[in-house]
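*Asks:* Sending over a structure as structure tokens; questions will come in a sec.
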Amino acid sequence: MPHPVIFTDIDGTLLDLETYSHAASADAAARLVAAGVPVVLCSSKTRAEQEPLRAALGIPDPFIVENGSAIIAPPGYFEFDLDAVGCAPDRAGELALGVEAAVIRRALVEIRRTTGLALVGYADLSDEEVAAVTGLAVTAAHLARQRDYSETIVSPLAPAELAALRAALAARGLAVAHGGRFYTVSGAASDKGVAVRRCTQLLRRQLGEIFTIGVGDSANDLPLLAAVDRPCLVRRPVGDWCDAGELPVTRLSGVGPLGWCELAEEVLALHSRPDLRLQQEKERAVVAW
């Protein structure tokens, strides 16, 4: 049977959206790791932010940073040379897919000048100011500001302002995505979906046949969800789910990490029971036929 792989957003999904705590999902994550189910973090968070979270949860698998701008392959994880599949590692197993942050910041300076948009990004703020805006601890805010391929915009944008920003960024080969709270500017040619598809290729070469599961909570996660075999949404704190359009998503009943645990329990049950997985595949085949 195909080997399950989970691609997951972090804030509002694996972590509580308000407290950024992983307490509710830690046990389920540990059980997935123990069962050999890869858990690939895929978030707007930086490498500096994700590495301590992976260590705290004991997750050994590759991870995707800054809205799909790079895939980080832990040393020795893959049993083949990454350049053999056209992915020459840059620094410490980092497969760059996006635009450098310095280029993005210069573009935002120019856009402010030409459009008059009052754009405030992490680069314009101190660690303490980012902590005040986000609710993060100052040490966590420092990690969040270590961006290599993106910039986070914290200023609110009216619909007309967002449209103007999108147009100005598109003219420069950049794009903006709205996460749970803020906006992330990155290269237009890279997003969570592009990175998930590339990472899926690598994992398929490593593991053989795989079945990919995606879980998120916001519009920023829709490219991720569109790139997996089974897309899932956790419930948001306000009680509803993100509008997924025509994407056939599974709507998990739990809010944030509680919904994440709901999915983890299902994956663990099926992964440990090949007979149940076989029956599920038969039912899917009958429906498809």
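Order determines the names: the first chain of the structure tokens is A, the second B, and so forth; residues in each chain are numbered 1 upward, and ligands are numbered 1 upward as they are shown.
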Find the residues near Arg235 in chain A: any atom within 12 Å, counting only C-alpha atoms, skip ones fewer than 4 places away on the same chain, and give them as a list in words.

*Replies:* Gly12, Thr13, Leu14, Asp16, Leu17, Val215, Gly216, Asp217, Ser218, Gly239, Asp240, Trp241, Cys242, Asp243, Thr250, Arg251, Leu252, Ser253, Gly254, Val255, Gly256, Pro257, Leu258, Gly259, Trp260 and Glu262 of chain A

*Asks:* What lies within 10 Å of Gly36 in chain A using only C-alpha atoms, ignoring chain neighbours under 6 positions off, as a PyMOL selection string?

*Replies:* chain A and resi 3-5+30+268+271

*Asks:* Write a file of the selected residues as an mmCIF file, in the first residue's frame, keeping N, CA and C atoms.

*Replies:*
```
data_model
loop_
_atom_site.group_PDB
_atom_site.id
_atom_site.type_symbol
_atom_site.label_atom_id
_atom_site.label_comp_id
_atom_site.auth_asym_id
_atom_site.auth_seq_id
_atom_site.Cartn_x
_atom_site.Cartn_y
_atom_site.Cartn_z
ATOM 1 N N HIS A 3 2.733 4.613 0.968
ATOM 2 C CA HIS A 3 3.220 5.110 2.257
ATOM 3 C C HIS A 3 2.641 6.511 2.477
ATOM 4 N N PRO A 4 1.941 6.772 3.597
ATOM 5 C CA PRO A 4 1.376 8.103 3.821
ATOM 6 C C PRO A 4 2.451 9.133 4.144
ATOM 7 N N VAL A 5 2.258 10.348 3.622
ATOM 8 C CA VAL A 5 3.131 11.480 3.922
ATOM 9 C C VAL A 5 2.226 12.671 4.213
ATOM 10 N N ALA A 30 4.389 12.969 17.755
ATOM 11 C CA ALA A 30 5.368 11.965 18.201
ATOM 12 C C ALA A 30 4.956 10.568 17.756
ATOM 13 N N LEU A 268 -2.902 7.315 11.523
ATOM 14 C CA LEU A 268 -2.275 6.270 12.334
ATOM 15 C C LEU A 268 -3.090 4.979 12.309
ATOM 16 N N HIS A 271 -2.636 3.456 8.838
ATOM 17 C CA HIS A 271 -1.254 3.028 8.609
ATOM 18 C C HIS A 271 -0.941 1.742 9.362
#
```

*Asks:* Name all residues at most 12 Å from range 132-135 of chain A (count only C-alpha atoms; drop same-chain ones fewer than 2 positions away) and give them as a ChimeraX atom specification.

*Replies:* /A:11,17-21,120-122,125-130,137-142,144-145,152-156,180-182

*Asks:* Limited to C-alpha atoms, could you put the picked residues into a file as a JSON list (two decimals), in the first residue's frame?

*Replies:*
```json
[["chain", "number", "residue", "atom", "x", "y", "z"],
["A", 11, "ASP", "CA", 0.25, 28.44, 12.56],
["A", 17, "LEU", "CA", -3.19, 30.40, 16.22],
["A", 18, "GLU", "CA", -3.25, 32.67, 19.27],
["A", 19, "THR", "CA", -0.67, 31.11, 21.61],
["A", 20, "TYR", "CA", 1.61, 29.44, 19.03],
["A", 21, "SER", "CA", 1.70, 26.45, 21.39],
["A", 120, "VAL", "CA", 5.24, 47.97, 7.14],
["A", 121, "GLY", "CA", 7.31, 44.80, 7.09],
["A", 122, "TYR", "CA", 9.37, 42.83, 9.57],
["A", 125, "LEU", "CA", 10.62, 46.76, 12.84],
["A", 126, "SER", "CA", 12.79, 45.73, 15.75],
["A", 127, "ASP", "CA", 12.54, 42.35, 17.46],
["A", 128, "GLU", "CA", 10.54, 44.00, 20.26],
["A", 129, "GLU", "CA", 8.13, 45.65, 17.81],
["A", 130, "VAL", "CA", 7.52, 42.39, 15.94],
["A", 137, "ALA", "CA", 8.24, 36.25, 22.58],
["A", 138, "VAL", "CA", 11.12, 38.56, 21.66],
["A", 139, "THR", "CA", 13.41, 35.58, 21.04],
["A", 140, "ALA", "CA", 10.83, 34.05, 18.68],
["A", 141, "ALA", "CA", 10.34, 37.40, 16.94],
["A", 142, "HIS", "CA", 14.08, 37.52, 16.31],
["A", 144, "ALA", "CA", 10.84, 35.30, 12.52],
["A", 145, "ARG", "CA", 12.80, 38.28, 11.20],
["A", 152, "THR", "CA", 6.13, 39.68, 6.04],
["A", 153, "ILE", "CA", 3.81, 42.69, 5.80],
["A", 154, "VAL", "CA", 2.01, 43.43, 9.08],
["A", 155, "SER", "CA", 0.11, 46.59, 8.09],
["A", 156, "PRO", "CA", -3.62, 46.09, 7.34],
["A", 180, "GLY", "CA", -3.87, 33.58, 9.09],
["A", 181, "ARG", "CA", -2.96, 37.13, 10.15],
["A", 182, "PHE", "CA", -0.39, 38.80, 7.91]]
```

*Asks:* List every residue of range 8-199 of chain A that DSSP, applied to the backbone of this structure, places in strand (DSSP E), and write the result as JSON, numbers by chain.

*Replies:* {"A": [8, 39, 40, 41, 63, 64, 65, 70, 71, 72, 94, 95, 96, 151, 152, 153, 174, 175, 176, 177, 178, 183, 184, 185, 186, 187]}

*Asks:* Hey, can you spit out that residue selection with N, CA and C atoms as an mmCIF file, in the first residue's frame?

*Replies:*
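So the final result, stored in out.cif, reads:
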```cif
data_model
loop_
_atom_site.group_PDB
_atom_site.id
_atom_site.type_symbol
_atom_site.label_atom_id
_atom_site.label_comp_id
_atom_site.auth_asym_id
_atom_site.auth_seq_id
_atom_site.Cartn_x
_atom_site.Cartn_y
_atom_site.Cartn_z
ATOM 1 N N THR A 8 2.077 19.695 6.204
ATOM 2 C CA THR A 8 1.251 20.478 7.112
ATOM 3 C C THR A 8 1.694 21.925 7.266
ATOM 4 N N VAL A 39 6.341 13.751 8.353
ATOM 5 C CA VAL A 39 5.570 14.963 8.603
ATOM 6 C C VAL A 39 6.408 16.131 8.086
ATOM 7 N N VAL A 40 5.975 16.700 6.973
ATOM 8 C CA VAL A 40 6.730 17.767 6.311
ATOM 9 C C VAL A 40 6.089 19.103 6.650
ATOM 10 N N LEU A 41 6.766 19.912 7.445
ATOM 11 C CA LEU A 41 6.264 21.246 7.767
ATOM 12 C C LEU A 41 6.357 22.120 6.522
ATOM 13 N N PHE A 63 11.630 19.891 5.396
ATOM 14 C CA PHE A 63 10.629 20.912 5.680
ATOM 15 C C PHE A 63 10.727 22.027 4.650
ATOM 16 N N ILE A 64 9.617 22.744 4.491
ATOM 17 C CA ILE A 64 9.475 23.769 3.453
ATOM 18 C C ILE A 64 9.285 25.114 4.147
ATOM 19 N N VAL A 65 10.091 26.095 3.771
ATOM 20 C CA VAL A 65 10.098 27.376 4.480
ATOM 21 C C VAL A 65 9.633 28.516 3.584
ATOM 22 N N ALA A 70 11.910 27.499 -0.289
ATOM 23 C CA ALA A 70 13.044 26.573 -0.188
ATOM 24 C C ALA A 70 12.601 25.297 0.509
ATOM 25 N N ILE A 71 13.242 24.191 0.121
ATOM 26 C CA ILE A 71 13.074 22.904 0.794
ATOM 27 C C ILE A 71 14.372 22.624 1.538
ATOM 28 N N ILE A 72 14.249 22.296 2.812
ATOM 29 C CA ILE A 72 15.427 21.978 3.612
ATOM 30 C C ILE A 72 15.497 20.467 3.787
ATOM 31 N N GLU A 94 19.867 23.050 1.568
ATOM 32 C CA GLU A 94 18.778 23.966 1.245
ATOM 33 C C GLU A 94 18.586 24.042 -0.266
ATOM 34 N N LEU A 95 17.397 23.655 -0.737
ATOM 35 C CA LEU A 95 17.077 23.688 -2.155
ATOM 36 C C LEU A 95 16.291 24.954 -2.436
ATOM 37 N N ALA A 96 16.950 25.967 -2.956
ATOM 38 C CA ALA A 96 16.326 27.272 -3.149
ATOM 39 C C ALA A 96 15.389 27.249 -4.351
ATOM 40 N N GLU A 151 9.289 38.480 2.699
ATOM 41 C CA GLU A 151 9.095 39.543 3.678
ATOM 42 C C GLU A 151 7.652 39.482 4.159
ATOM 43 N N THR A 152 7.456 39.681 5.445
ATOM 44 C CA THR A 152 6.126 39.680 6.042
ATOM 45 C C THR A 152 5.634 41.104 6.204
ATOM 46 N N ILE A 153 4.445 41.380 5.694
ATOM 47 C CA ILE A 153 3.811 42.693 5.804
ATOM 48 C C ILE A 153 2.783 42.610 6.934
ATOM 49 N N LEU A 174 6.958 39.099 -8.421
ATOM 50 C CA LEU A 174 6.706 38.750 -7.027
ATOM 51 C C LEU A 174 5.211 38.555 -6.797
ATOM 52 N N ALA A 175 4.849 38.001 -5.651
ATOM 53 C CA ALA A 175 3.450 37.766 -5.321
ATOM 54 C C ALA A 175 3.264 37.917 -3.817
ATOM 55 N N VAL A 176 2.009 38.099 -3.402
ATOM 56 C CA VAL A 176 1.694 38.221 -1.986
ATOM 57 C C VAL A 176 0.625 37.202 -1.632
ATOM 58 N N ALA A 177 0.790 36.561 -0.483
ATOM 59 C CA ALA A 177 -0.182 35.578 0.013
ATOM 60 C C ALA A 177 -0.637 36.010 1.401
ATOM 61 N N HIS A 178 -1.929 35.812 1.659
ATOM 62 C CA HIS A 178 -2.492 36.176 2.961
ATOM 63 C C HIS A 178 -2.576 34.935 3.831
ATOM 64 N N TYR A 183 0.523 39.242 5.705
ATOM 65 C CA TYR A 183 0.782 39.002 4.294
ATOM 66 C C TYR A 183 2.251 38.630 4.114
ATOM 67 N N THR A 184 2.509 37.690 3.217
ATOM 68 C CA THR A 184 3.880 37.291 2.920
ATOM 69 C C THR A 184 4.175 37.542 1.451
ATOM 70 N N VAL A 185 5.235 38.278 1.183
ATOM 71 C CA VAL A 185 5.661 38.576 -0.187
ATOM 72 C C VAL A 185 6.828 37.647 -0.532
ATOM 73 N N SER A 186 6.724 36.979 -1.667
ATOM 74 C CA SER A 186 7.782 36.065 -2.104
ATOM 75 C C SER A 186 7.794 36.016 -3.627
ATOM 76 N N GLY A 187 8.675 35.212 -4.192
ATOM 77 C CA GLY A 187 8.761 35.092 -5.639
ATOM 78 C C GLY A 187 7.499 34.492 -6.231
#
```

*Asks:* Could you jot down the CA of Ser190 in chain A to CA of Ala29 in chain A separation for me, Å, one decimal place?

*Replies:* 27.3 Å

*Asks:* Residues at most 12 Å from Glu246 in chain A, counting only C-alpha atoms, excluding those fewer than 3 positions away in the same chain, as JSON, numbers by chain?

*Replies:* {"A": [222, 225, 226, 231, 243, 249]}

*Asks:* Can you check which residues of range 74-144 of chain A DSSP gives as alpha helix (DSSP H) on the backbone and send them as an NGL selection string?

*Replies:* :A and (101-115 or 127-134 or 138-144)

*Asks:* Find the residues near Arg198 in chain A: any atom within 12 Å, counting only C-alpha atoms, skip ones fewer than 3 places away on the same chain, and give them as a tab-separated table (two decimals) with C-alpha atoms, in the first residue's frame.

*Replies:*
```tsv
chain	number	residue	atom	x	y	z
A	62	PRO	CA	12.44	17.60	5.25
A	63	PHE	CA	10.63	20.91	5.68
A	64	ILE	CA	9.48	23.77	3.45
A	68	GLY	CA	7.56	27.34	-0.58
A	69	SER	CA	10.69	29.38	-1.25
A	70	ALA	CA	13.04	26.57	-0.19
A	71	ILE	CA	13.07	22.90	0.79
A	72	ILE	CA	15.43	21.98	3.61
A	73	ALA	CA	16.76	18.42	3.41
A	82	LEU	CA	19.92	15.66	-4.64
A	85	VAL	CA	17.09	15.01	-9.68
A	86	GLY	CA	17.99	18.53	-10.74
A	87	CYS	CA	18.01	19.99	-7.23
A	95	LEU	CA	17.08	23.69	-2.15
A	96	ALA	CA	16.33	27.27	-3.15
A	97	LEU	CA	13.16	27.81	-5.20
A	190	SER	CA	7.45	29.69	-5.96
A	191	ASP	CA	4.60	28.85	-3.63
A	192	LYS	CA	3.64	26.07	-1.23
A	193	GLY	CA	2.22	23.99	-4.08
A	194	VAL	CA	5.38	24.16	-6.18
A	195	ALA	CA	7.51	23.16	-3.19
A	201	GLN	CA	9.15	13.83	-6.12
A	202	LEU	CA	12.06	13.48	-3.72
A	203	LEU	CA	10.08	11.47	-1.17
A	204	ARG	CA	8.66	9.19	-3.85
A	205	ARG	CA	12.18	8.41	-5.01
A	224	LEU	CA	-0.39	23.16	-0.74
A	227	ALA	CA	-0.79	19.62	-4.68
A	228	VAL	CA	-1.67	16.58	-2.52
```

*Asks:* Please report the interatomic distance between CA of Phe78 in chain A and CA of Gln206 in chain A in Å with one decimal.

*Replies:*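 Those two atoms sit 6.5 Å apart.
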
*Asks:* Between A:Leu207, A:Ala107, A:Ala48, A:Leu15, which is the closest to Phe80 in chain A once you count only C-alpha atoms?

*Replies:*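 Going through A:Leu207, A:Ala107, A:Ala48, A:Leu15 one by one, the smallest distance to Phe80 in chain A is for A:Leu207.
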
*Asks:* Just the number, please: distance in Å from CA of Gly173 in chain A to CA of Ala118 in chain A, one decimal.

*Replies:*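 Taking CA of Gly173 in chain A as the start and CA of Ala118 in chain A as the end point, the length is 20.7 Å.
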
*Asks:* For Ala28 in chain A, work out the shell of residues within 8 Å, counting only C-alpha atoms and skipping chain neighbours fewer than 2 positions away, then give it as number ranges by chain.

*Replies:* A: 25-26, 30-32, 261, 264-265

*Asks:* Keeping N, CA and C atoms, export the residues of the selection given above as a PDB file, in the first residue's frame.

*Replies:*
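Result written to part_13.pdb:
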```
ATOM      1  N   SER A  25      -0.815  19.231  19.930  1.00  0.00           N
ATOM      2  CA  SER A  25      -0.478  18.336  18.822  1.00  0.00           C
ATOM      3  C   SER A  25       0.790  17.529  19.041  1.00  0.00           C
ATOM      4  N   ALA A  26       1.505  17.764  20.135  1.00  0.00           N
ATOM      5  CA  ALA A  26       2.812  17.140  20.343  1.00  0.00           C
ATOM      6  C   ALA A  26       2.724  15.618  20.402  1.00  0.00           C
ATOM      7  N   ALA A  30       4.389  12.969  17.755  1.00  0.00           N
ATOM      8  CA  ALA A  30       5.368  11.965  18.201  1.00  0.00           C
ATOM      9  C   ALA A  30       4.956  10.568  17.756  1.00  0.00           C
ATOM     10  N   ARG A  31       3.667  10.280  17.795  1.00  0.00           N
ATOM     11  CA  ARG A  31       3.195   8.960  17.382  1.00  0.00           C
ATOM     12  C   ARG A  31       3.326   8.760  15.877  1.00  0.00           C
ATOM     13  N   LEU A  32       3.120   9.819  15.100  1.00  0.00           N
ATOM     14  CA  LEU A  32       3.324   9.724  13.650  1.00  0.00           C
ATOM     15  C   LEU A  32       4.795   9.438  13.346  1.00  0.00           C
ATOM     16  N   CYS A 261      -4.944  16.839  15.116  1.00  0.00           N
ATOM     17  CA  CYS A 261      -4.875  15.558  15.831  1.00  0.00           C
ATOM     18  C   CYS A 261      -5.927  14.586  15.311  1.00  0.00           C
ATOM     19  N   ALA A 264      -4.422  13.110  12.320  1.00  0.00           N
ATOM     20  CA  ALA A 264      -3.320  12.225  12.708  1.00  0.00           C
ATOM     21  C   ALA A 264      -3.842  10.880  13.200  1.00  0.00           C
ATOM     22  N   GLU A 265      -4.904  10.895  13.994  1.00  0.00           N
ATOM     23  CA  GLU A 265      -5.472   9.646  14.499  1.00  0.00           C
ATOM     24  C   GLU A 265      -5.964   8.771  13.349  1.00  0.00           C
TER      25      GLU A 265
END
```

*Asks:* Which of these, A:Ala188, A:Leu117, A:Ala56, A:Leu108, has the shortest distance to Ala163 in chain A once you count only C-alpha atoms?

*Replies:*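 Answer, going by the shortest atom-to-atom distance: A:Leu117.
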
*Asks:* Hey, which of A:Asp27, A:Asp9, A:Glu266, A:Asp81 ends up closest to Gln50 in chain A? Count only C-alpha atoms.

*Replies:* A:Asp9

*Asks:* Measuring between only C-alpha atoms, which one of A:Cys42, A:Leu165, A:Ala34, A:Leu53 shows the shortest distance to Leu143 in chain A?

*Replies:*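 Under the stated criterion, the closest residue is A:Leu53.
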